[in-house]
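Student: For reference, the file my_file-v2.csv (CSV, C-alpha atoms and all ligand atoms) is included below:
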chain,number,residue,atom,x,y,z
A,163,MET,CA,14.0,-3.5,-63.0
A,164,ARG,CA,16.9,-5.4,-61.5
A,165,VAL,CA,17.9,-2.3,-59.6
A,166,SER,CA,14.5,-1.7,-58.2
A,167,ILE,CA,14.2,-5.4,-57.0
A,168,LEU,CA,17.6,-5.1,-55.4
A,169,SER,CA,16.6,-1.8,-53.8
A,170,ALA,CA,13.4,-3.3,-52.5
A,171,PHE,CA,15.3,-6.3,-51.1
A,172,LEU,CA,17.8,-4.0,-49.4
A,173,PHE,CA,15.0,-1.8,-48.0
A,174,PHE,CA,13.2,-4.7,-46.4
A,175,ALA,CA,16.5,-6.3,-45.2
A,176,LEU,CA,17.6,-3.1,-43.5
A,177,ALA,CA,14.2,-2.3,-42.1
A,178,GLY,CA,14.0,-5.8,-40.7
A,179,ALA,CA,17.4,-5.5,-39.2
A,180,ALA,CA,16.6,-2.1,-37.7
A,181,ALA,CA,13.3,-3.4,-36.2
A,182,ALA,CA,15.1,-6.4,-34.7
A,183,GLY,CA,17.9,-4.2,-33.4
A,184,THR,CA,15.6,-1.9,-31.5
A,185,LYS,CA,13.1,-4.4,-30.3
A,186,ARG,CA,15.0,-7.6,-29.8
A,187,PRO,CA,18.4,-7.8,-28.1
A,188,ASP,CA,20.7,-10.7,-28.9
A,189,TRP,CA,21.1,-11.6,-25.3
A,190,VAL,CA,19.3,-11.0,-21.9
A,191,LYS,CA,19.7,-7.5,-20.5
A,192,LEU,CA,18.5,-6.1,-17.2
A,193,TYR,CA,17.4,-2.5,-17.0
A,194,THR,CA,16.9,-0.9,-13.6
A,195,PHE,CA,14.7,2.2,-13.2
A,196,ASP,CA,14.2,4.6,-10.3
A,197,CYS,CA,10.6,4.0,-9.5
A,198,GLY,CA,10.4,6.0,-6.3
A,199,ARG,CA,11.5,5.8,-2.6
A,200,VAL,CA,9.8,5.3,0.7
A,201,THR,CA,10.7,6.8,4.0
A,202,VAL,CA,9.4,4.6,6.8
A,203,ALA,CA,9.1,6.4,10.1
A,204,ASP,CA,9.0,3.2,12.2
A,205,LYS,CA,11.4,0.5,11.0
A,206,ASP,CA,10.1,-1.8,13.7
A,207,ILE,CA,7.6,-3.3,11.3
A,208,TYR,CA,10.4,-5.0,9.4
A,209,SER,CA,11.2,-7.4,12.2
A,210,ASP,CA,8.9,-9.2,14.6
A,211,GLY,CA,11.9,-9.6,17.0
A,212,GLY,CA,11.9,-5.9,18.0
A,213,GLU,CA,15.5,-5.2,16.8
A,214,TYR,CA,14.5,-2.1,14.9
A,215,GLU,CA,12.5,-0.4,17.7
A,216,GLY,CA,12.8,3.4,17.6
A,217,GLN,CA,14.5,3.5,14.2
A,218,SER,CA,13.4,4.9,10.8
A,219,VAL,CA,14.6,3.7,7.4
A,220,ASP,CA,14.9,5.0,3.8
A,221,LEU,CA,14.0,2.4,1.2
A,222,ILE,CA,14.4,2.7,-2.6
A,223,ALA,CA,11.8,1.3,-4.9
A,224,PRO,CA,13.3,0.3,-8.2
A,225,CYS,CA,11.5,-1.5,-11.0
A,226,PHE,CA,13.0,-3.5,-13.8
A,227,LEU,CA,12.8,-4.4,-17.4
A,228,VAL,CA,14.2,-7.7,-18.6
A,229,ARG,CA,14.8,-7.8,-22.3
A,230,HIS,CA,15.1,-11.2,-23.8
A,231,PRO,CA,15.6,-12.1,-27.5
A,232,ARG,CA,12.0,-13.5,-27.5
A,233,GLY,CA,10.2,-10.8,-25.4
A,234,ASP,CA,10.3,-8.3,-22.6
A,235,LEU,CA,9.3,-8.7,-19.0
A,236,MET,CA,8.5,-5.8,-16.7
A,237,TRP,CA,9.3,-6.8,-13.1
A,238,ASP,CA,7.5,-4.6,-10.5
A,239,THR,CA,6.2,-1.2,-11.4
A,240,GLY,CA,7.3,1.0,-8.4
A,241,VAL,CA,5.4,3.8,-6.7
A,242,SER,CA,2.6,5.5,-8.6
A,243,ASP,CA,3.7,8.1,-11.2
A,244,THR,CA,0.8,10.2,-10.1
A,245,LEU,CA,3.1,11.3,-7.2
A,246,ALA,CA,5.9,12.6,-9.5
A,247,GLY,CA,6.9,16.1,-8.9
A,248,ARG,CA,5.3,16.4,-5.4
A,249,ALA,CA,8.1,17.9,-3.4
A,250,ASP,CA,6.7,16.8,-0.1
A,251,GLY,CA,5.7,13.4,-1.5
A,252,PHE,CA,2.7,11.6,-0.1
A,253,THR,CA,2.4,10.4,3.4
A,254,SER,CA,0.2,7.6,4.5
A,255,GLY,CA,0.6,6.5,8.1
A,256,ILE,CA,4.3,5.7,8.8
A,257,PHE,CA,5.1,5.8,5.1
A,258,THR,CA,6.2,8.8,2.9
A,259,PHE,CA,6.5,8.1,-0.8
A,260,HIS,CA,8.5,10.2,-3.3
A,261,VAL,CA,8.7,9.8,-7.1
A,262,GLU,CA,11.2,11.8,-9.1
A,263,GLN,CA,10.9,10.4,-12.6
A,264,THR,CA,7.9,8.6,-14.1
A,265,VAL,CA,8.3,5.0,-15.3
A,266,GLU,CA,7.0,5.9,-18.6
A,267,SER,CA,9.6,8.6,-19.2
A,268,GLN,CA,12.4,6.2,-18.2
A,269,LEU,CA,11.1,3.5,-20.6
A,270,ALA,CA,11.0,6.2,-23.3
A,271,GLN,CA,14.7,6.9,-22.7
A,272,ILE,CA,15.5,3.4,-23.9
A,273,GLY,CA,12.9,3.6,-26.7
A,274,VAL,CA,10.3,1.3,-25.2
A,275,THR,CA,6.6,2.1,-24.6
A,276,PRO,CA,4.6,0.1,-22.0
A,277,ASP,CA,2.3,-1.4,-24.7
A,278,GLU,CA,5.3,-3.1,-26.4
A,279,ILE,CA,6.1,-5.1,-23.3
A,280,GLU,CA,4.8,-8.7,-23.6
A,281,TYR,CA,4.9,-9.7,-19.9
A,282,LEU,CA,4.3,-8.2,-16.5
A,283,ALA,CA,5.1,-9.8,-13.2
A,284,LEU,CA,4.8,-8.2,-9.7
A,285,SER,CA,6.8,-9.6,-6.8
A,286,HIS,CA,3.7,-8.8,-4.9
A,287,TRP,CA,0.7,-6.6,-4.8
A,288,HIS,CA,1.8,-3.8,-2.4
A,289,SER,CA,1.5,-0.3,-3.8
A,290,ASP,CA,5.3,0.3,-3.9
A,291,HIS,CA,5.4,-2.5,-6.4
A,292,SER,CA,2.1,-2.2,-8.2
A,293,GLY,CA,1.9,1.6,-8.3
A,294,ASN,CA,2.0,1.7,-12.1
A,295,ALA,CA,0.6,-1.7,-12.9
A,296,ASN,CA,-2.3,-0.3,-15.0
A,297,LEU,CA,0.2,0.9,-17.5
A,298,PHE,CA,1.0,-2.7,-18.3
A,299,ALA,CA,-2.6,-4.0,-18.4
A,300,GLY,CA,-2.0,-4.8,-22.1
A,301,SER,CA,0.8,-7.2,-21.2
A,302,THR,CA,0.3,-10.8,-20.2
A,303,TRP,CA,0.2,-10.7,-16.4
A,304,ILE,CA,2.1,-13.6,-14.6
A,305,VAL,CA,0.6,-14.1,-11.2
A,306,ASN,CA,0.1,-16.7,-8.5
A,307,PRO,CA,-3.7,-17.4,-8.2
A,308,ASN,CA,-3.6,-16.9,-4.4
A,309,GLU,CA,-2.0,-13.4,-4.8
A,310,ARG,CA,-4.6,-12.5,-7.5
A,311,ALA,CA,-7.4,-13.6,-5.2
A,312,HIS,CA,-5.9,-11.5,-2.4
A,313,MET,CA,-5.6,-8.5,-4.7
A,314,PHE,CA,-9.2,-8.6,-5.7
A,315,ARG,CA,-10.9,-9.5,-2.4
A,316,ASP,CA,-13.5,-7.1,-1.1
A,317,GLU,CA,-11.2,-5.5,1.5
A,318,ALA,CA,-8.4,-4.8,-1.1
A,319,ARG,CA,-10.9,-3.1,-3.4
A,320,GLU,CA,-11.6,-0.5,-0.7
A,321,GLY,CA,-7.9,0.2,-0.2
A,322,ARG,CA,-6.1,3.3,-1.7
A,323,GLY,CA,-3.7,1.1,-3.7
A,324,PHE,CA,-6.4,-0.7,-5.6
A,325,GLN,CA,-6.7,2.1,-8.1
A,326,TYR,CA,-3.1,1.5,-9.3
A,327,TYR,CA,-3.6,-2.1,-10.3
A,328,LYS,CA,-7.3,-2.5,-10.8
A,329,GLU,CA,-7.0,-2.8,-14.6
A,330,LEU,CA,-5.1,-6.0,-14.2
A,331,GLU,CA,-8.4,-7.7,-13.4
A,332,SER,CA,-9.2,-7.9,-17.1
A,333,ALA,CA,-5.6,-8.4,-18.4
A,334,ARG,CA,-4.6,-11.5,-20.2
A,335,THR,CA,-3.4,-13.6,-17.3
A,336,MET,CA,-1.0,-16.5,-16.8
A,337,ARG,CA,-1.7,-18.1,-13.4
A,338,ILE,CA,1.3,-20.0,-12.1
A,339,THR,CA,1.5,-22.3,-9.1
A,340,GLY,CA,5.1,-23.5,-9.7
A,341,ASN,CA,8.2,-21.9,-11.0
A,342,LEU,CA,7.9,-20.6,-14.6
A,343,ASP,CA,10.8,-20.8,-17.1
A,344,LEU,CA,9.3,-18.0,-19.2
A,345,PHE,CA,11.3,-18.4,-22.4
A,346,ARG,CA,12.1,-22.1,-21.9
A,347,ASP,CA,15.8,-21.6,-21.9
A,348,GLY,CA,16.4,-21.1,-18.2
A,349,THR,CA,17.4,-17.5,-18.4
A,350,VAL,CA,14.3,-15.9,-17.0
A,351,VAL,CA,12.6,-17.9,-14.2
A,352,VAL,CA,9.7,-16.6,-12.1
A,353,MET,CA,9.9,-18.3,-8.7
A,354,GLN,CA,7.4,-18.9,-6.0
A,355,THR,CA,8.5,-17.4,-2.7
A,356,PRO,CA,5.3,-17.0,-0.6
A,357,GLY,CA,5.2,-15.6,2.9
A,358,HIS,CA,5.4,-11.8,2.6
A,359,THR,CA,2.1,-12.0,0.7
A,360,PRO,CA,0.1,-15.2,-0.2
A,361,GLY,CA,1.7,-15.5,-3.7
A,362,HIS,CA,4.9,-13.5,-3.5
A,363,LEU,CA,7.3,-14.1,-6.4
A,364,SER,CA,11.0,-13.7,-7.0
A,365,LEU,CA,12.9,-13.6,-10.3
A,366,ARG,CA,16.0,-15.6,-11.3
A,367,LEU,CA,18.0,-14.4,-14.3
A,368,ILE,CA,21.0,-15.8,-16.1
A,369,LEU,CA,22.9,-12.9,-17.8
A,370,PRO,CA,25.7,-13.6,-20.2
A,371,LYS,CA,28.3,-11.6,-18.3
A,372,ALA,CA,26.9,-11.0,-14.8
A,373,GLY,CA,25.8,-14.6,-14.4
A,374,THR,CA,22.9,-15.6,-12.1
A,375,ILE,CA,21.0,-12.8,-10.5
A,376,TYR,CA,18.0,-13.0,-8.1
A,377,LEU,CA,15.6,-10.2,-7.8
A,378,SER,CA,14.1,-11.0,-4.4
A,379,GLY,CA,11.1,-8.6,-4.3
A,380,ASP,CA,10.3,-8.2,-0.6
A,381,LEU,CA,11.6,-11.6,0.6
A,382,TYR,CA,14.0,-9.3,2.4
A,383,HIS,CA,13.7,-5.5,2.8
A,384,VAL,CA,17.2,-4.8,4.1
A,385,GLU,CA,20.5,-6.7,4.2
A,386,GLU,CA,20.2,-7.3,8.0
A,387,ASN,CA,17.0,-9.2,7.5
A,388,ARG,CA,18.8,-11.6,5.2
A,389,THR,CA,21.8,-12.0,7.5
A,390,HIS,CA,19.6,-12.7,10.6
A,391,ARG,CA,16.5,-14.2,8.9
A,392,ARG,CA,14.2,-11.5,10.3
A,393,VAL,CA,10.6,-11.6,9.4
A,394,PRO,CA,8.5,-8.4,9.1
A,395,ARG,CA,5.6,-8.1,11.5
A,396,PHE,CA,3.1,-7.6,8.7
A,397,ASN,CA,4.0,-10.6,6.6
A,398,HIS,CA,1.1,-12.9,5.6
A,399,ASP,CA,2.7,-16.1,6.8
A,400,ARG,CA,5.9,-16.4,9.0
A,401,ALA,CA,6.6,-20.1,8.4
A,402,ALA,CA,6.2,-19.7,4.6
A,403,THR,CA,8.5,-16.7,4.7
A,404,LEU,CA,11.3,-18.7,6.4
A,405,SER,CA,10.7,-21.6,3.9
A,406,SER,CA,11.0,-19.3,1.0
A,407,MET,CA,14.2,-17.8,2.4
A,408,ASP,CA,15.7,-21.3,2.7
A,409,ALA,CA,14.6,-22.3,-0.8
A,410,ILE,CA,16.1,-19.2,-2.4
A,411,GLU,CA,19.3,-19.4,-0.4
A,412,SER,CA,19.9,-23.0,-1.2
A,413,ASN,CA,19.1,-22.4,-4.9
A,414,LEU,CA,21.5,-19.5,-4.9
A,415,ALA,CA,24.3,-21.4,-3.2
A,416,ILE,CA,24.1,-24.2,-5.8
A,417,ARG,CA,24.2,-21.7,-8.7
A,418,LYS,CA,26.6,-19.3,-7.1
A,419,GLY,CA,24.2,-16.4,-7.8
A,420,ARG,CA,24.0,-12.9,-6.6
A,421,LEU,CA,20.9,-11.9,-4.7
A,422,ILE,CA,19.5,-8.4,-5.1
A,423,ILE,CA,17.5,-6.9,-2.2
A,424,GLN,CA,15.3,-4.5,-4.1
A,425,HIS,CA,14.5,-2.0,-1.4
A,426,ASP,CA,18.1,-1.7,0.0
A,427,ALA,CA,20.2,0.9,-1.7
A,428,ARG,CA,23.3,-1.0,-0.6
A,429,SER,CA,22.1,-3.9,-2.8
A,430,SER,CA,19.9,-2.8,-5.8
A,431,GLY,CA,21.5,0.7,-5.7
A,432,THR,CA,24.7,-0.9,-7.1
A,433,LEU,CA,23.0,-2.0,-10.3
A,434,PRO,CA,23.6,0.1,-13.4
A,435,ARG,CA,20.7,2.6,-13.9
A,436,ALA,CA,18.8,2.8,-17.2
A,437,PRO,CA,19.7,3.7,-19.9
A,438,GLU,CA,22.7,1.6,-18.8
A,439,TYR,CA,22.0,-2.1,-18.2
A,440,LEU,CA,23.4,-5.2,-16.7
A,441,GLU,CA,24.2,-8.0,-19.2
B,501,ZN,ZN,8.0,-3.2,-0.9
Transcribe the structure of this file into structure tokens.
Tutor:
Amino acid sequence: MRVSILSAFLFFALAGAAAAGTKRPDWVKLYTFDCGRVTVADKDIYSDGGEYEGQSVDLIAPCFLVRHPRGDLMWDTGVSDTLAGRADGFTSGIFTFHVEQTVESQLAQIGVTPDEIEYLALSHWHSDHSGNANLFAGSTWIVNPNERAHMFRDEAREGRGFQYYKELESARTMRITGNLDLFRDGTVVVMQTPGHTPGHLSLRLILPKAGTIYLSGDLYHVEENRTHRRVPRFNHDRAATLSSMDAIESNLAIRKGRLIIQHDARSSGTLPRAPEYLE
């Protein structure tokens, strides 16, 4: 009897430890996934000053999983997995999209399924960020109400990209109008950076070794836009974009953080790729 009670105790103790070990890290980790790339035939759209006239640009489209002791946050979802394996990619206007590996298969490599992820936040609604959003419709979606309204307006519903995120309409939703300290310990903060779209968001992390990291969504598309404060022609609000740049840059200077430009391989391409992670 004594042996069996001890065995039962050990079984539950070990099972508990195993579950905690796979599901809950002891500290914050940032996983970066290859969630497609976009070749843009006319880079001119990325500055309303005309500096990029006649150029093209290759952008990468990473997406991210932040693992925190009290939950997981998916940040952006990349280009749609439905394009995976298409050698010629998919062309729409000046954009050609390619996907090599699905998000789901990359999450599986680190032992995570989409339905286990507690939170989803998109930097913004564009299809190179929301391409797999439906996968996370079971998560709690963190969104600015202006962005949400923009995503579900009549005109957006008729767009090709709508199919990729339409299931978020009925997702459990956390509407935020200010910055959100998600786990109330300052390590994962969703920040309001409107301008590119009505409710564009950025993410600030504090990692135990790497320190303060900003994932800036499409506040900047390439390094030169940050250096010269260039505003894309298709941004929703130019003045708001510049204010958001100022807010992030002053926040970053105080905290001595590192800003990641998601679409620029010279920036986000230096992050460790899953299954490796930044900690
Ligand atoms: Zn983008």
Student: For segment 189-193 of chain A, find every residue with an atom within 8 Å (counting all atoms listed in the file), except residues of its own chain fewer than 3 positions away, and show them as a PyMOL selection string.
Tutor: chain A and resi 226-231+349+368-370+434-441
Student: Please save C-alpha atoms of the selected residues as an mmCIF file, in the frame of the given file.
Tutor:
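Printed below is result-v3.cif as written:
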data_model
loop_
_atom_site.group_PDB
_atom_site.id
_atom_site.type_symbol
_atom_site.label_atom_id
_atom_site.label_comp_id
_atom_site.auth_asym_id
_atom_site.auth_seq_id
_atom_site.Cartn_x
_atom_site.Cartn_y
_atom_site.Cartn_z
ATOM 1 C CA PHE A 226 13.000 -3.500 -13.800
ATOM 2 C CA LEU A 227 12.800 -4.400 -17.400
ATOM 3 C CA VAL A 228 14.200 -7.700 -18.600
ATOM 4 C CA ARG A 229 14.800 -7.800 -22.300
ATOM 5 C CA HIS A 230 15.100 -11.200 -23.800
ATOM 6 C CA PRO A 231 15.600 -12.100 -27.500
ATOM 7 C CA THR A 349 17.400 -17.500 -18.400
ATOM 8 C CA ILE A 368 21.000 -15.800 -16.100
ATOM 9 C CA LEU A 369 22.900 -12.900 -17.800
ATOM 10 C CA PRO A 370 25.700 -13.600 -20.200
ATOM 11 C CA PRO A 434 23.600 0.100 -13.400
ATOM 12 C CA ARG A 435 20.700 2.600 -13.900
ATOM 13 C CA ALA A 436 18.800 2.800 -17.200
ATOM 14 C CA PRO A 437 19.700 3.700 -19.900
ATOM 15 C CA GLU A 438 22.700 1.600 -18.800
ATOM 16 C CA TYR A 439 22.000 -2.100 -18.200
ATOM 17 C CA LEU A 440 23.400 -5.200 -16.700
ATOM 18 C CA GLU A 441 24.200 -8.000 -19.200
#
Student: Enumerate as a PyMOL selection string the residues within 10 Å of ligand ZN 501 (chain B), counting all atoms listed in the file.
Tutor: chain A and resi 199-200+221-224+238+240-241+285-292+358+379-383+424-425
Student: Using all atoms listed in the file, find all polymer residues with an atom at most 10 Å away from the point (12.3, 5.7, -9.3); report them as a PDB file with C-alpha atoms, keeping the file's coordinate frame.
Tutor:
ATOM      1  CA  THR A 194      16.900  -0.900 -13.600  1.00  0.00           C
ATOM      2  CA  PHE A 195      14.700   2.200 -13.200  1.00  0.00           C
ATOM      3  CA  ASP A 196      14.200   4.600 -10.300  1.00  0.00           C
ATOM      4  CA  CYS A 197      10.600   4.000  -9.500  1.00  0.00           C
ATOM      5  CA  GLY A 198      10.400   6.000  -6.300  1.00  0.00           C
ATOM      6  CA  ARG A 199      11.500   5.800  -2.600  1.00  0.00           C
ATOM      7  CA  ILE A 222      14.400   2.700  -2.600  1.00  0.00           C
ATOM      8  CA  ALA A 223      11.800   1.300  -4.900  1.00  0.00           C
ATOM      9  CA  PRO A 224      13.300   0.300  -8.200  1.00  0.00           C
ATOM     10  CA  CYS A 225      11.500  -1.500 -11.000  1.00  0.00           C
ATOM     11  CA  THR A 239       6.200  -1.200 -11.400  1.00  0.00           C
ATOM     12  CA  GLY A 240       7.300   1.000  -8.400  1.00  0.00           C
ATOM     13  CA  VAL A 241       5.400   3.800  -6.700  1.00  0.00           C
ATOM     14  CA  SER A 242       2.600   5.500  -8.600  1.00  0.00           C
ATOM     15  CA  ASP A 243       3.700   8.100 -11.200  1.00  0.00           C
ATOM     16  CA  ALA A 246       5.900  12.600  -9.500  1.00  0.00           C
ATOM     17  CA  HIS A 260       8.500  10.200  -3.300  1.00  0.00           C
ATOM     18  CA  VAL A 261       8.700   9.800  -7.100  1.00  0.00           C
ATOM     19  CA  GLU A 262      11.200  11.800  -9.100  1.00  0.00           C
ATOM     20  CA  GLN A 263      10.900  10.400 -12.600  1.00  0.00           C
ATOM     21  CA  THR A 264       7.900   8.600 -14.100  1.00  0.00           C
ATOM     22  CA  VAL A 265       8.300   5.000 -15.300  1.00  0.00           C
ATOM     23  CA  GLN A 268      12.400   6.200 -18.200  1.00  0.00           C
TER      24      GLN A 268
END
Student: Choose the residue, out of A:Gly293, A:Leu342, A:Tyr376, A:Thr275, that has the smallest atom-to-atom separation from Lys418 of chain A; count only C-alpha atoms.
Tutor: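 With only C-alpha atoms as the atom set, the closest residue is A:Tyr376.
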Student: What does the structure give for the distance between atom CA of Gln354 of chain A and atom CA of Thr374 of chain A, in Å to one decimal?
Tutor: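 Computed distance, atom CA of Gln354 of chain A to atom CA of Thr374 of chain A, equals 17.0 Å.
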Student: One number please: atom CA of Ile410 of chain A to atom CA of Thr355 of chain A, in Å, one decimal.
Tutor: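 Between these atoms lies a distance of 7.8 Å.
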Student: Which value, in Å to one decimal, gives the distance between atom CA of Phe257 of chain A and atom CA of Thr201 of chain A?
Tutor: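 The value is 5.8 Å.
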Student: Considering all atoms listed in the file, return as a ChimeraX atom specification whatever protein or nucleic-acid residues lie within 10 Å of segment 399-408 of chain A, sequence-local ones (same chain, fewer than 6 positions apart) excluded.
Tutor: /A:210,353-360,362-364,378,381-382,388,391-393,414
Student: How would the residues just chosen look if you wrote them out with C-alpha atoms as a PDB file, in the frame of the given file?
Tutor:
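Everything below was put into selection_30.pdb:
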ATOM      1  CA  ASP A 210       8.900  -9.200  14.600  1.00  0.00           C
ATOM      2  CA  MET A 353       9.900 -18.300  -8.700  1.00  0.00           C
ATOM      3  CA  GLN A 354       7.400 -18.900  -6.000  1.00  0.00           C
ATOM      4  CA  THR A 355       8.500 -17.400  -2.700  1.00  0.00           C
ATOM      5  CA  PRO A 356       5.300 -17.000  -0.600  1.00  0.00           C
ATOM      6  CA  GLY A 357       5.200 -15.600   2.900  1.00  0.00           C
ATOM      7  CA  HIS A 358       5.400 -11.800   2.600  1.00  0.00           C
ATOM      8  CA  THR A 359       2.100 -12.000   0.700  1.00  0.00           C
ATOM      9  CA  PRO A 360       0.100 -15.200  -0.200  1.00  0.00           C
ATOM     10  CA  HIS A 362       4.900 -13.500  -3.500  1.00  0.00           C
ATOM     11  CA  LEU A 363       7.300 -14.100  -6.400  1.00  0.00           C
ATOM     12  CA  SER A 364      11.000 -13.700  -7.000  1.00  0.00           C
ATOM     13  CA  SER A 378      14.100 -11.000  -4.400  1.00  0.00           C
ATOM     14  CA  LEU A 381      11.600 -11.600   0.600  1.00  0.00           C
ATOM     15  CA  TYR A 382      14.000  -9.300   2.400  1.00  0.00           C
ATOM     16  CA  ARG A 388      18.800 -11.600   5.200  1.00  0.00           C
ATOM     17  CA  ARG A 391      16.500 -14.200   8.900  1.00  0.00           C
ATOM     18  CA  ARG A 392      14.200 -11.500  10.300  1.00  0.00           C
ATOM     19  CA  VAL A 393      10.600 -11.600   9.400  1.00  0.00           C
ATOM     20  CA  LEU A 414      21.500 -19.500  -4.900  1.00  0.00           C
TER      21      LEU A 414
END
Student: Counting all atoms listed in the file, figure out which residue out of A:Phe298, A:Phe324, A:Phe259, A:Trp237 gets nearest to His312 of chain A.
Tutor: A:Phe324
Student: Can you tell me, as a PDB file with C-alpha atoms, in the frame of the given file, what residues are no more than 10 Å from Ser332 of chain A when counting all atoms listed in the file, ignoring any on the same chain fewer than 2 positions away?
Tutor:
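The file below, result11.pdb, is the result:
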ATOM      1  CA  ALA A 299      -2.600  -4.000 -18.400  1.00  0.00           C
ATOM      2  CA  GLY A 300      -2.000  -4.800 -22.100  1.00  0.00           C
ATOM      3  CA  TRP A 303       0.200 -10.700 -16.400  1.00  0.00           C
ATOM      4  CA  LYS A 328      -7.300  -2.500 -10.800  1.00  0.00           C
ATOM      5  CA  GLU A 329      -7.000  -2.800 -14.600  1.00  0.00           C
ATOM      6  CA  LEU A 330      -5.100  -6.000 -14.200  1.00  0.00           C
ATOM      7  CA  ARG A 334      -4.600 -11.500 -20.200  1.00  0.00           C
ATOM      8  CA  THR A 335      -3.400 -13.600 -17.300  1.00  0.00           C
TER       9      THR A 335
END
Student: Go through A:Ile279, A:Phe345, A:Tyr208, A:Leu235 one by one, measure the shortest atom-to-atom distance of each to Glu385 of chain A using all atoms listed in the file, and give the residue with the smallest value.
Tutor: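 For Glu385 of chain A, the nearest of the candidates is A:Tyr208.
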Student: Measuring between all atoms listed in the file, which one of A:Ser267, A:Asn397, A:Asn306, A:Ser218 shows the shortest distance to Asn341 of chain A?
Tutor: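 With all atoms listed in the file as the atom set, the closest residue is A:Asn306.
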